[in-house]
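File shown here: entry07.cif, holding mmCIF, C-alpha atoms.
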data_data
loop_
_atom_site.label_atom_id
_atom_site.label_comp_id
_atom_site.auth_asym_id
_atom_site.auth_seq_id
_atom_site.Cartn_x
_atom_site.Cartn_y
_atom_site.Cartn_z
CA MET A 180 3.79 -6.36 -19.30
CA ARG A 181 7.19 -7.14 -17.78
CA LEU A 182 6.84 -4.29 -15.31
CA TRP A 183 3.31 -5.45 -14.45
CA ALA A 184 4.50 -9.02 -13.91
CA GLY A 185 7.30 -7.85 -11.62
CA THR A 186 5.07 -5.63 -9.48
CA THR A 187 2.44 -8.38 -9.29
CA ALA A 188 5.04 -10.90 -8.12
CA SER A 189 6.34 -8.50 -5.47
CA GLY A 190 2.79 -7.80 -4.26
CA LEU A 191 1.99 -11.51 -4.02
CA ALA A 192 5.22 -12.20 -2.15
CA THR A 193 4.56 -9.32 0.25
CA TRP A 194 1.05 -10.55 1.00
CA ALA A 195 1.99 -14.23 1.27
CA LEU A 196 4.70 -13.99 3.94
CA PRO A 197 2.47 -13.14 6.96
CA PHE A 198 -0.04 -15.77 5.84
CA VAL A 199 2.59 -18.50 5.53
CA LEU A 200 4.11 -17.53 8.87
CA GLY A 201 0.63 -17.81 10.37
CA LEU A 202 0.47 -21.36 9.05
CA ALA A 203 3.84 -21.98 10.76
CA VAL A 204 2.20 -20.98 14.06
CA LEU A 205 -0.57 -23.52 13.44
CA ASP A 206 2.10 -26.15 12.77
CA ARG A 207 3.85 -25.13 16.04
CA ALA A 208 7.05 -24.38 14.14
CA LEU A 209 6.73 -20.78 15.34
CA THR A 210 5.17 -19.36 18.51
CA PRO A 211 2.65 -16.48 18.45
CA ALA A 212 5.23 -14.28 20.19
CA GLY A 213 7.80 -15.29 17.60
CA LEU A 214 5.37 -14.41 14.83
CA GLY A 215 4.88 -10.96 16.31
CA LEU A 216 8.65 -10.42 16.52
CA VAL A 217 9.25 -11.57 12.95
CA LEU A 218 6.49 -9.36 11.54
CA ALA A 219 7.71 -6.41 13.61
CA THR A 220 11.25 -6.72 12.25
CA ARG A 221 9.84 -6.86 8.73
CA THR A 222 8.06 -3.56 9.36
CA VAL A 223 11.28 -2.04 10.73
CA GLY A 224 13.18 -3.17 7.64
CA PHE A 225 10.48 -1.71 5.39
CA LEU A 226 10.48 1.68 7.11
CA ALA A 227 14.27 1.88 7.15
CA ALA A 228 14.62 1.03 3.46
CA VAL A 229 11.87 3.22 1.97
CA PRO A 230 13.57 6.64 2.32
CA ILE A 231 17.02 5.27 1.43
CA SER A 232 15.75 3.50 -1.67
CA GLY A 233 13.90 6.63 -2.76
CA VAL A 234 17.19 8.53 -2.81
CA LEU A 235 19.07 5.69 -4.52
CA ALA A 236 16.36 5.28 -7.18
CA ASP A 237 16.68 8.99 -8.04
CA ARG A 238 20.48 8.94 -7.85
CA HIS A 239 21.00 5.73 -9.86
CA SER A 240 19.03 3.46 -12.19
CA ARG A 241 15.52 2.68 -10.94
CA ARG A 242 15.79 -0.70 -12.63
CA GLY A 243 18.97 -1.41 -10.69
CA VAL A 244 17.28 -0.58 -7.37
CA VAL A 245 14.43 -2.96 -8.20
CA LEU A 246 16.94 -5.67 -9.11
CA TRP A 247 18.97 -5.46 -5.90
CA ALA A 248 15.91 -4.98 -3.69
CA GLY A 249 14.24 -8.04 -5.18
CA LEU A 250 17.41 -10.10 -4.84
CA ALA A 251 17.75 -9.08 -1.17
CA ALA A 252 14.19 -10.18 -0.45
CA ALA A 253 14.77 -13.41 -2.38
CA VAL A 254 17.87 -14.21 -0.29
CA ALA A 255 15.83 -13.66 2.87
CA ALA A 256 13.54 -16.60 2.05
CA PRO A 257 16.10 -19.44 2.41
CA LEU A 258 17.52 -17.72 5.49
CA MET A 259 14.08 -17.68 7.04
CA THR A 260 13.62 -21.32 6.06
CA ALA A 261 16.88 -22.23 7.78
CA GLY A 262 15.81 -20.44 10.96
CA LEU A 263 12.26 -21.86 11.11
CA GLY A 264 11.97 -23.95 14.27
CA ARG A 265 15.69 -23.55 14.99
CA SER A 266 16.70 -19.91 15.42
CA LEU A 267 14.26 -17.08 16.04
CA PRO A 268 17.01 -14.41 15.77
CA LEU A 269 17.91 -15.70 12.30
CA MET A 270 14.26 -15.57 11.26
CA ALA A 271 13.92 -12.04 12.61
CA ALA A 272 17.03 -10.86 10.77
CA ALA A 273 15.85 -12.52 7.55
CA SER A 274 12.43 -10.93 7.96
CA ALA A 275 14.05 -7.51 8.35
CA LEU A 276 15.95 -8.14 5.11
CA ALA A 277 12.72 -9.16 3.37
CA GLY A 278 11.02 -6.01 4.64
CA ALA A 279 13.93 -3.90 3.40
CA GLY A 280 13.64 -5.46 -0.05
CA GLN A 281 9.90 -4.84 -0.06
CA GLY A 282 10.34 -1.23 1.05
CA ALA A 283 13.11 -0.56 -1.46
CA CYS A 284 10.97 -1.83 -4.33
CA ARG A 285 7.97 0.42 -3.72
CA PRO A 286 9.28 3.90 -4.67
CA ALA A 287 11.50 2.44 -7.40
CA PHE A 288 8.52 0.70 -9.03
CA GLN A 289 6.52 3.94 -8.88
CA ALA A 290 9.28 5.88 -10.62
CA LEU A 291 9.94 3.07 -13.11
CA THR A 292 6.28 3.14 -14.14
CA ALA A 293 6.68 6.77 -15.14
CA GLU A 294 9.73 5.86 -17.23
CA VAL A 295 8.32 2.93 -19.19
CA VAL A 296 4.65 3.90 -19.63
CA ASP A 297 3.49 6.79 -21.84
CA ALA A 298 1.85 9.61 -19.90
CA ASP A 299 -1.58 9.13 -21.47
CA ARG A 300 -1.62 5.44 -20.47
CA ARG A 301 -0.38 5.68 -16.89
CA GLN A 302 -3.81 5.72 -15.31
CA GLN A 303 -4.68 2.46 -17.05
CA ALA A 304 -1.29 1.03 -16.10
CA ASN A 305 -1.69 1.97 -12.43
CA ALA A 306 -5.20 0.52 -12.46
CA ALA A 307 -3.87 -2.73 -13.95
CA MET A 308 -1.24 -3.00 -11.23
CA THR A 309 -3.63 -2.39 -8.38
CA LEU A 310 -6.11 -4.77 -10.00
CA ALA A 311 -3.48 -7.50 -9.92
CA VAL A 312 -2.80 -6.84 -6.22
CA ARG A 313 -6.50 -7.07 -5.36
CA VAL A 314 -6.93 -10.30 -7.33
CA THR A 315 -4.04 -11.93 -5.46
CA THR A 316 -5.54 -10.74 -2.16
CA LEU A 317 -8.87 -12.32 -3.11
CA VAL A 318 -7.65 -15.69 -4.41
CA GLY A 319 -4.39 -15.87 -2.45
CA PRO A 320 -5.74 -17.38 0.79
CA ALA A 321 -7.47 -20.26 -0.99
CA LEU A 322 -4.44 -20.88 -3.22
CA THR A 323 -2.01 -20.81 -0.29
CA ALA A 324 -4.23 -23.11 1.77
CA LEU A 325 -4.33 -25.53 -1.17
CA LEU A 326 -0.55 -25.41 -1.57
CA ALA A 327 -0.16 -25.99 2.17
CA VAL A 328 -1.87 -29.35 1.72
CA LEU A 329 0.75 -30.36 -0.84
CA LEU A 330 3.85 -28.56 0.47
CA ASP A 331 5.35 -27.90 3.89
CA ILE A 332 6.01 -24.44 5.34
CA ARG A 333 9.65 -24.41 4.27
CA ALA A 334 8.70 -25.08 0.65
CA LEU A 335 6.15 -22.25 0.77
CA LEU A 336 8.80 -19.86 2.12
CA LEU A 337 11.13 -20.85 -0.71
CA GLY A 338 8.26 -20.21 -3.12
CA ILE A 339 8.05 -16.65 -1.78
CA GLY A 340 11.76 -16.32 -2.54
CA LEU A 341 11.07 -17.41 -6.13
CA LEU A 342 8.40 -14.72 -6.43
CA TRP A 343 10.96 -12.13 -5.36
CA LEU A 344 13.33 -13.44 -8.02
CA VAL A 345 10.61 -12.80 -10.58
CA ALA A 346 10.15 -9.28 -9.20
CA ALA A 347 13.91 -8.69 -9.43
CA LEU A 348 14.61 -10.13 -12.87
CA VAL A 349 11.48 -9.71 -14.99
CA PRO A 350 10.70 -5.91 -15.10
CA GLY A 351 11.77 -3.91 -18.13
CA PRO A 352 14.97 -1.85 -18.22
CA GLY A 353 13.46 1.63 -17.78
CA ALA A 354 15.48 4.66 -18.85
CA ALA A 355 18.75 4.08 -20.63
CA GLY A 356 20.90 5.95 -18.12
CA ALA A 357 20.94 7.09 -14.53
CA PRO A 358 18.63 9.98 -13.58
CA ALA A 359 19.91 13.51 -13.67
CA THR A 360 20.84 13.55 -9.99
CA ALA A 361 23.22 10.60 -10.32
CA GLY A 362 26.33 12.78 -10.11
CA ARG A 363 25.33 14.72 -7.02
CA ARG A 364 27.54 14.51 -3.94
CA ALA A 365 24.95 15.43 -1.32
CA SER A 366 24.34 13.04 1.57
CA LEU A 367 21.42 10.63 1.59
CA LEU A 368 19.69 12.81 4.17
CA GLY A 369 20.30 15.94 2.10
CA GLU A 370 18.88 14.37 -1.04
CA PHE A 371 15.86 13.04 0.85
CA ALA A 372 15.32 16.59 2.13
CA ASP A 373 15.31 17.72 -1.51
CA GLY A 374 12.50 15.25 -2.09
CA VAL A 375 10.57 16.67 0.84
CA ARG A 376 11.00 20.18 -0.58
CA GLU A 377 9.76 18.94 -3.95
CA ALA A 378 6.68 17.45 -2.27
CA ARG A 379 5.99 20.77 -0.53
CA ARG A 380 5.94 22.49 -3.93
CA HIS A 381 2.67 20.66 -4.60
CA PRO A 382 -0.01 21.73 -2.09
CA TRP A 383 -2.43 19.10 -3.39
CA PHE A 384 0.13 16.40 -2.61
CA VAL A 385 0.74 17.59 0.96
CA ALA A 386 -2.98 17.85 1.63
CA GLY A 387 -3.79 14.51 -0.01
CA LEU A 388 -0.99 12.72 1.83
CA ALA A 389 -2.17 14.13 5.16
CA ALA A 390 -5.70 12.92 4.42
CA LEU A 391 -4.50 9.48 3.31
CA THR A 392 -2.35 9.11 6.43
CA ALA A 393 -5.27 10.05 8.67
CA VAL A 394 -7.65 7.63 6.98
CA ILE A 395 -5.19 4.74 7.11
CA ALA A 396 -4.27 5.40 10.75
CA THR A 397 -7.95 5.43 11.81
CA GLY A 398 -10.06 3.56 9.26
CA TYR A 399 -7.61 0.73 8.70
CA SER A 400 -7.10 0.43 12.45
CA ALA A 401 -10.85 0.09 12.94
CA THR A 402 -10.85 -2.69 10.38
CA GLY A 403 -7.91 -4.47 11.97
CA VAL A 404 -9.09 -4.27 15.60
CA ALA A 405 -12.77 -3.33 15.86
CA LEU A 406 -14.17 -5.45 13.01
CA PRO A 407 -13.14 -8.79 14.59
CA LEU A 408 -14.56 -7.64 17.95
CA VAL A 409 -17.87 -6.51 16.47
CA SER A 410 -18.16 -9.67 14.38
CA ARG A 411 -17.68 -11.82 17.47
CA ASP A 412 -19.53 -9.84 20.15
CA ARG A 413 -22.46 -8.32 18.23
CA TYR A 414 -23.15 -10.93 15.60
CA GLY A 415 -21.75 -14.02 17.35
CA THR A 416 -19.93 -15.30 14.28
CA GLU A 417 -16.72 -14.79 12.32
CA VAL A 418 -18.72 -14.87 9.08
CA VAL A 419 -19.25 -11.09 9.19
CA LEU A 420 -15.49 -10.57 9.51
CA ALA A 421 -14.75 -12.82 6.52
CA ALA A 422 -17.59 -11.41 4.41
CA ALA A 423 -16.69 -7.78 5.11
CA THR A 424 -13.00 -8.20 4.27
CA THR A 425 -13.93 -10.09 1.10
CA ALA A 426 -16.44 -7.39 0.15
CA TYR A 427 -13.74 -4.76 0.60
CA THR A 428 -11.45 -6.58 -1.84
CA VAL A 429 -14.26 -7.11 -4.35
CA GLY A 430 -15.16 -3.44 -4.09
CA ALA A 431 -11.52 -2.49 -4.67
CA LEU A 432 -11.49 -4.66 -7.80
CA ALA A 433 -14.55 -2.80 -9.06
CA GLY A 434 -12.93 0.54 -8.25
CA ALA A 435 -9.80 -0.40 -10.19
CA VAL A 436 -11.89 -1.36 -13.22
CA VAL A 437 -13.79 1.93 -13.06
CA THR A 438 -10.62 4.03 -12.89
CA ALA A 439 -9.09 2.11 -15.79
CA ARG A 440 -12.04 3.07 -18.01
CA ARG A 441 -13.04 6.51 -16.76
CA ARG A 442 -11.37 9.89 -16.22
CA ALA A 443 -13.23 12.22 -13.87
CA ARG A 444 -13.86 15.89 -14.68
CA SER A 445 -12.31 16.86 -11.34
CA PRO A 446 -9.95 13.95 -10.63
CA GLY A 447 -8.66 15.30 -7.31
CA TRP A 448 -12.09 15.92 -5.82
CA SER A 449 -13.33 12.58 -7.12
CA ALA A 450 -10.32 10.79 -5.60
CA LEU A 451 -10.73 12.50 -2.21
CA ALA A 452 -14.45 11.67 -2.20
CA GLY A 453 -13.49 8.04 -2.77
CA LEU A 454 -11.03 8.21 0.12
CA ALA A 455 -13.73 9.66 2.38
CA ALA A 456 -15.94 6.67 1.58
CA TYR A 457 -13.78 4.63 3.94
CA GLY A 458 -15.61 6.39 6.77
CA PHE A 459 -18.66 4.21 6.10
CA ALA A 460 -16.71 1.19 7.39
CA PRO A 461 -16.21 2.35 11.02
CA LEU A 462 -19.64 4.04 10.90
CA SER A 463 -21.32 0.71 10.11
CA LEU A 464 -19.47 -0.95 12.98
CA MET A 465 -20.66 1.72 15.39
CA LEU A 466 -24.37 1.30 14.64
CA PRO A 467 -26.62 -1.70 15.46
CA VAL A 468 -27.32 -2.61 11.84
CA HIS A 469 -27.95 -5.80 9.91
CA PRO A 470 -24.73 -7.63 8.90
CA ALA A 471 -25.53 -6.91 5.26
CA VAL A 472 -25.10 -3.20 5.96
CA VAL A 473 -21.60 -3.79 7.35
CA ILE A 474 -20.69 -5.88 4.32
CA ALA A 475 -22.07 -3.22 1.94
CA ALA A 476 -20.17 -0.49 3.78
CA TYR A 477 -16.90 -2.35 3.32
CA ALA A 478 -17.66 -2.87 -0.38
CA VAL A 479 -18.18 0.89 -0.74
CA ALA A 480 -14.92 1.54 1.13
CA GLY A 481 -13.11 -0.81 -1.25
CA VAL A 482 -14.46 0.98 -4.31
CA GLY A 483 -13.51 4.32 -2.82
CA ILE A 484 -9.93 3.45 -1.93
CA GLU A 485 -9.12 2.58 -5.55
CA LEU A 486 -10.95 5.65 -6.82
CA PHE A 487 -8.32 7.47 -4.78
CA ASN A 488 -5.22 5.31 -5.28
CA VAL A 489 -5.08 5.20 -9.06
CA PRO A 490 -5.52 8.96 -9.75
CA TRP A 491 -3.18 9.68 -6.82
CA PHE A 492 -0.34 7.58 -8.22
CA THR A 493 -0.96 8.89 -11.73
CA ALA A 494 -0.94 12.53 -10.63
CA THR A 495 2.26 12.03 -8.63
CA GLN A 496 3.98 10.51 -11.67
CA ARG A 497 2.77 13.40 -13.85
CA GLU A 498 3.35 16.41 -11.60
CA VAL A 499 6.52 15.65 -9.62
CA ASP A 500 9.91 16.40 -11.19
CA PRO A 501 11.11 13.11 -12.74
CA ASP A 502 14.48 13.26 -10.99
CA LYS A 503 12.75 13.48 -7.58
CA LEU A 504 9.84 11.12 -8.19
CA ALA A 505 11.21 8.16 -6.23
CA ARG A 506 11.96 10.32 -3.21
CA VAL A 507 8.49 11.85 -3.19
CA SER A 508 6.97 8.37 -3.59
CA SER A 509 9.06 7.11 -0.68
CA LEU A 510 7.72 9.97 1.46
CA ASP A 511 4.22 8.88 0.48
CA PHE A 512 4.78 5.25 1.56
CA LEU A 513 6.74 6.24 4.65
CA LEU A 514 3.97 8.40 6.09
CA SER A 515 0.80 6.72 4.85
CA TYR A 516 1.77 3.11 5.58
CA GLY A 517 4.56 3.77 8.06
CA LEU A 518 2.19 5.39 10.55
CA ALA A 519 -0.45 2.68 10.20
CA PRO A 520 1.13 0.53 12.97
CA VAL A 521 0.81 3.52 15.31
CA GLY A 522 -2.93 3.58 14.76
CA LEU A 523 -3.15 -0.18 15.30
CA ALA A 524 -1.16 0.11 18.52
CA LEU A 525 -3.34 2.91 19.91
CA ILE A 526 -6.85 1.84 18.97
CA ALA A 527 -7.08 -1.21 21.26
CA PRO A 528 -6.08 0.75 24.42
CA ALA A 529 -8.44 3.54 23.34
CA ILE A 530 -11.31 1.05 23.07
CA ASP A 531 -10.50 -0.26 26.55
CA VAL A 532 -10.56 3.26 28.02
CA PHE A 533 -13.39 4.99 26.10
CA GLY A 534 -15.44 2.12 24.70
CA ILE A 535 -15.79 0.88 21.16
CA ARG A 536 -18.54 3.23 19.94
CA PRO A 537 -16.85 6.56 20.79
CA VAL A 538 -13.59 5.34 19.24
CA LEU A 539 -15.36 4.22 16.07
CA ALA A 540 -17.21 7.55 15.94
CA VAL A 541 -13.88 9.40 16.01
CA CYS A 542 -12.47 7.09 13.31
CA ALA A 543 -15.47 7.69 11.05
CA LEU A 544 -15.35 11.45 11.63
CA VAL A 545 -11.64 11.59 10.75
CA CYS A 546 -12.21 9.52 7.60
CA PHE A 547 -14.95 11.91 6.44
CA LEU A 548 -13.35 15.20 7.47
CA ALA A 549 -9.69 14.71 6.49
CA PRO A 550 -10.39 14.32 2.72
CA ALA A 551 -12.91 17.19 2.90
CA VAL A 552 -10.27 19.50 4.36
CA ALA A 553 -7.77 18.34 1.71
CA ALA A 554 -10.32 19.08 -1.03
CA ALA A 555 -10.43 22.72 0.12
CA VAL A 556 -6.80 23.23 -0.97
CA PRO A 557 -6.97 25.22 -4.26
CA THR A 558 -4.84 22.81 -6.31
CA ALA A 559 -6.63 19.69 -5.01
CA ARG A 560 -9.46 19.74 -7.56
CA HIS A 561 -7.26 18.49 -10.40
CA PHE A 562 -4.26 17.20 -8.38
CA SER A 563 -2.15 19.69 -10.31
CA ARG A 564 -0.35 23.04 -9.80
CA ARG A 565 -0.71 23.80 -13.47
CA PRO A 566 -3.68 25.70 -14.95
CA SER A 567 -6.68 23.42 -15.29
CA ARG A 568 -7.02 21.79 -18.65
CA PRO A 569 -10.37 21.44 -20.41
CA ASP A 570 -12.55 18.94 -18.63
CA CYS A 571 -12.37 15.41 -19.97
CA PRO A 572 -15.61 13.64 -20.85
CA GLY A 573 -16.87 11.15 -18.30
#
Render the structure in this file as structure tokens.
Amino acid sequence: MRLWAGTTASGLATWALPFVLGLAVLDRALTPAGLGLVLATRTVGFLAAVPISGVLADRHSRRGVVLWAGLAAAVAAPLMTAGLGRSLPLMAAASALAGAGQGACRPAFQALTAEVVDADRRQQANAAMTLAVRVTTLVGPALTALLAVLLDIRALLLGIGLLWLVAALVPGPGAAGAPATAGRRASLLGEFADGVREARRHPWFVAGLAALTAVIATGYSATGVALPLVSRDRYGTEVVLAAATTAYTVGALAGAVVTARRRARSPGWSALAGLAAYGFAPLSLMLPVHPAVVIAAYAVAGVGIELFNVPWFTATQREVDPDKLARVSSLDFLLSYGLAPVGLALIAPAIDVFGIRPVLAVCALVCFLAPAVAAAVPTARHFSRRPSRPDCPG
């Protein structure tokens, strides 16, 4: 429960910062250009910290990495508050520190889950964590808007800092000592390379990560750029945008509940099929369909993404060598989420050059084909290099 509370607090803090900074733009305490700079530096901090923290979490105590990462992100909040409306460089530097804390937490939390949760309960634990993230995404906007009526932007930023303190201080202690690689003298780059070699030992992981990266770079980009355009230009209202994004979150909640209660006979194939379901989102935007079809497609995509995420995290925690787990997890986050901004940056120019329908058709095709290709890898069926165990019921 302590680990769950810490990860939930970090997820809420991560989600809340862009929303609160958006409110600062509405209050004219921050310009739109300033918002873009601050969010960009947060992404840079995240990407820089993920591989380093993966090495440190395998070299030292995972609990210690979570502690210092959370404290760094907590310190960033008052710095950002001090810079709001006064110093954009200070806000940008503080945002980079917050992003570094966020990035450092991710692989450490993944590895810490494997330490504190019994193997036969990890799927339920991962489902509970992703369920908490989806709930905060669903109720967070209304809660933040309500708090904004009572508190000013600076108070909300300090509240984000308090959430990071919870993430730093609340989680359980994990393993009693440092992991087995703590005494190694290799460089950070050398140890990260060891993590890459460990990842390559698992063909299902390489194939699944390639599919996940492709889906996020195309499907998520279609959601971020094309969905607002289609909602405005085809349907003449922002209601479709709001309803589709809400349906996606509700679908993800349902997917998390399903994975907490059910173990598939072929977990890898089932997970990759769920990932491929994201292709229905750009497909629905490409076709002249009723708004209800778009909303339903996003609900299906939400269900599918959690049918993938939970078995994916669980298999990684089970199959990867424990002393390299944080590094392999950092590679996962670095590629899958690190390349997402590239897709977002390219899709708008591509729409301008080729038109929205051809671009959406390519996005849908990639979302369907990439998981199918990954499923053809021999070890992908069970997300395991070991001989298949007897099929589980359900």
Taking all atoms listed in the file into account, produce a table as a tab-separated table in which each residue of region 445-494 of chain A with an atom at most 8 Å from an atom of region 294-306 of chain A appears once, together with its shortest atom pair and the distance in Å to one decimal, ordered by chain and rising number.
residue	atom	partner	partner_atom	distance
A:Val489	CA	A:Asn305	CA	5.8
A:Pro490	CA	A:Gln302	CA	6.7
A:Phe492	CA	A:Asn305	CA	7.1
A:Thr493	CA	A:Gln302	CA	5.6
Include C-alpha atoms and write out the residues we just selected as a PDB file, in the frame of the given file.
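So the final result, stored in result_17.pdb, reads:
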ATOM      1  CA  VAL A 489      -5.080   5.200  -9.060  1.00  0.00           C
ATOM      2  CA  PRO A 490      -5.520   8.960  -9.750  1.00  0.00           C
ATOM      3  CA  PHE A 492      -0.340   7.580  -8.220  1.00  0.00           C
ATOM      4  CA  THR A 493      -0.960   8.890 -11.730  1.00  0.00           C
TER       5      THR A 493
END
**Message:** Going by the chain IDs and residue numbers used in this file, which residues fall under the PyMOL selection byres ((chain A and resi 502-509) around 8)? Write them as a VMD selection string.
**Reply:** chain A and resid 229 to 230 232 to 234 236 to 237 285 to 287 289 to 290 358 to 360 371 373 to 375 377 to 378 495 to 496 499 to 501 510 to 513
key: Matched chain/residue IDs from the PyMOL selection byres ((chain A and resi 538) around 12), as JSON, numbers by chain   = {"A": [397, 398, 400, 401, 404, 405, 461, 462, 464, 465, 522, 525, 526, 527, 528, 529, 530, 531, 532, 533, 534, 535, 536, 537, 539, 540, 541, 542, 543, 544, 545]}
Residues from the last selection, C-alpha atoms, saved as a compact mmCIF listing (two decimals), keeping the file's coordinate frame:
# COMPACT_ATOMS: atom_id res chain seq x y z
CA THR A 397 -7.95 5.43 11.81
CA GLY A 398 -10.06 3.56 9.26
CA SER A 400 -7.10 0.43 12.45
CA ALA A 401 -10.85 0.09 12.94
CA VAL A 404 -9.09 -4.27 15.60
CA ALA A 405 -12.77 -3.33 15.86
CA PRO A 461 -16.21 2.35 11.02
CA LEU A 462 -19.64 4.04 10.90
CA LEU A 464 -19.47 -0.95 12.98
CA MET A 465 -20.66 1.72 15.39
CA GLY A 522 -2.93 3.58 14.76
CA LEU A 525 -3.34 2.91 19.91
CA ILE A 526 -6.85 1.84 18.97
CA ALA A 527 -7.08 -1.21 21.26
CA PRO A 528 -6.08 0.75 24.42
CA ALA A 529 -8.44 3.54 23.34
CA ILE A 530 -11.31 1.05 23.07
CA ASP A 531 -10.50 -0.26 26.55
CA VAL A 532 -10.56 3.26 28.02
CA PHE A 533 -13.39 4.99 26.10
CA GLY A 534 -15.44 2.12 24.70
CA ILE A 535 -15.79 0.88 21.16
CA ARG A 536 -18.54 3.23 19.94
CA PRO A 537 -16.85 6.56 20.79
CA LEU A 539 -15.36 4.22 16.07
CA ALA A 540 -17.21 7.55 15.94
CA VAL A 541 -13.88 9.40 16.01
CA CYS A 542 -12.47 7.09 13.31
CA ALA A 543 -15.47 7.69 11.05
CA LEU A 544 -15.35 11.45 11.63
CA VAL A 545 -11.64 11.59 10.75
Distance query Leu269 (chain A) at most 12 Å, all atoms listed in the file, self and fewer than 3 positions along chain excluded, as JSON, numbers by chain = {"A": [213, 216, 217, 220, 255, 256, 257, 258, 259, 260, 261, 262, 263, 264, 265, 266, 272, 273, 274, 275, 276]}
Keeping only C-alpha atoms, take the residues you just selected and write them out as a short mmCIF file (atom, residue, chain, number, x, y, z; two decimals), in the frame of the given file.
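Produced file selection_19.cif, reproduced below:
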data_model
loop_
_atom_site.label_atom_id
_atom_site.label_comp_id
_atom_site.auth_asym_id
_atom_site.auth_seq_id
_atom_site.Cartn_x
_atom_site.Cartn_y
_atom_site.Cartn_z
CA GLY A 213 7.80 -15.29 17.60
CA LEU A 216 8.65 -10.42 16.52
CA VAL A 217 9.25 -11.57 12.95
CA THR A 220 11.25 -6.72 12.25
CA ALA A 255 15.83 -13.66 2.87
CA ALA A 256 13.54 -16.60 2.05
CA PRO A 257 16.10 -19.44 2.41
CA LEU A 258 17.52 -17.72 5.49
CA MET A 259 14.08 -17.68 7.04
CA THR A 260 13.62 -21.32 6.06
CA ALA A 261 16.88 -22.23 7.78
CA GLY A 262 15.81 -20.44 10.96
CA LEU A 263 12.26 -21.86 11.11
CA GLY A 264 11.97 -23.95 14.27
CA ARG A 265 15.69 -23.55 14.99
CA SER A 266 16.70 -19.91 15.42
CA ALA A 272 17.03 -10.86 10.77
CA ALA A 273 15.85 -12.52 7.55
CA SER A 274 12.43 -10.93 7.96
CA ALA A 275 14.05 -7.51 8.35
CA LEU A 276 15.95 -8.14 5.11
#
Point (-3.6, 18.8, 1.2), cut-off 10 Å, counting all atoms listed in the file, residues as a list in words: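 Output: Arg379, His381, Pro382, Trp383, Phe384, Val385, Ala386, Gly387, Leu388, Ala389, Ala390, Leu391, Ala549, Pro550, Ala551, Val552, Ala553, Ala554, Ala555, Val556, Pro557, Thr558, Ala559 and Phe562 of chain A.
The residues caught by the PyMOL selection byres ((chain A and resi 198) around 12) in this file are Leu191, Ala192, Thr193, Trp194, Ala195, Leu196, Pro197, Val199, Leu200, Gly201, Leu202, Ala203, Val204, Leu205, Leu214, Leu218, Thr316, Gly319, Pro320, Ala321, Leu322, Thr323, Ala324, Ala327, Ile332, Leu335, Leu336 and Ile339 of chain A.
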Give the centre and edge lengths of an axis-aligned box, in Å to one decimal, that holds all listed atoms of region 290-305 of chain A with 5 Å on each side, as AutoDock Vina command-line options.
--center_x 2.6 --center_y 5.3 --center_z -16.2 --size_x 24.6 --size_y 18.6 --size_z 21.2
Students should find that CA of Val244 (chain A) and CA of Ala279 (chain A) are spaced 11.8 Å
Could you state the separation of CA of Val429 (chain A) and CA of Val314 (chain A) in Å, given to one decimal place?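 Computed distance, CA of Val429 (chain A) to CA of Val314 (chain A), equals 8.5 Å.
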The residue from A:Leu341, A:Val318, A:Val468, A:Ile231 with the smallest atom-to-atom distance to Ser366 (chain A), counting all atoms listed in the file, is A:Ile231
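For the choices A:Ala219, A:Leu342, A:Leu408, A:Ala293, the atom-to-atom distance to Val254 (chain A) is smallest for A:Leu342 when using only C-alpha atoms.
We find CA of Trp247 (chain A) and CA of Leu368 (chain A) to be spaced 20.9 Å apart.
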Select, counting all atoms listed in the file, all protein, DNA and RNA residues no farther than 12 Å from (-14.6, -6.0, -10.0) in file coordinates, and express the selection as a VMD selection string.
chain A and resid 306 to 307 309 to 311 313 to 314 317 425 to 439 478 481 to 482 485
Min atom-atom distance to Ala208 (chain A) from the set A:Gly415, A:Pro407, A:Leu267, A:Ser240, counting only C-alpha atoms, belongs to A:Leu267
Please produce region 435-441 of chain A, completed to N, CA and C atoms, as a CSV table (one decimal), in the coordinates of the input.
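See out13.csv below for the written result:
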chain,number,residue,atom,x,y,z
A,435,ALA,N,-10.9,-0.4,-9.2
A,435,ALA,CA,-9.8,-0.4,-10.2
A,435,ALA,C,-10.3,-0.5,-11.6
A,436,VAL,N,-11.3,-1.3,-11.9
A,436,VAL,CA,-11.9,-1.4,-13.2
A,436,VAL,C,-12.5,0.0,-13.7
A,437,VAL,N,-13.2,0.6,-12.7
A,437,VAL,CA,-13.8,1.9,-13.1
A,437,VAL,C,-12.7,3.0,-13.4
A,438,THR,N,-11.7,3.0,-12.6
A,438,THR,CA,-10.6,4.0,-12.9
A,438,THR,C,-9.8,3.7,-14.1
A,439,ALA,N,-9.8,2.5,-14.6
A,439,ALA,CA,-9.1,2.1,-15.8
A,439,ALA,C,-9.9,2.6,-17.0
A,440,ARG,N,-11.2,2.7,-16.9
A,440,ARG,CA,-12.0,3.1,-18.0
A,440,ARG,C,-12.6,4.5,-18.0
A,441,ARG,N,-12.4,5.2,-16.9
A,441,ARG,CA,-13.0,6.5,-16.8
A,441,ARG,C,-12.1,7.5,-16.2
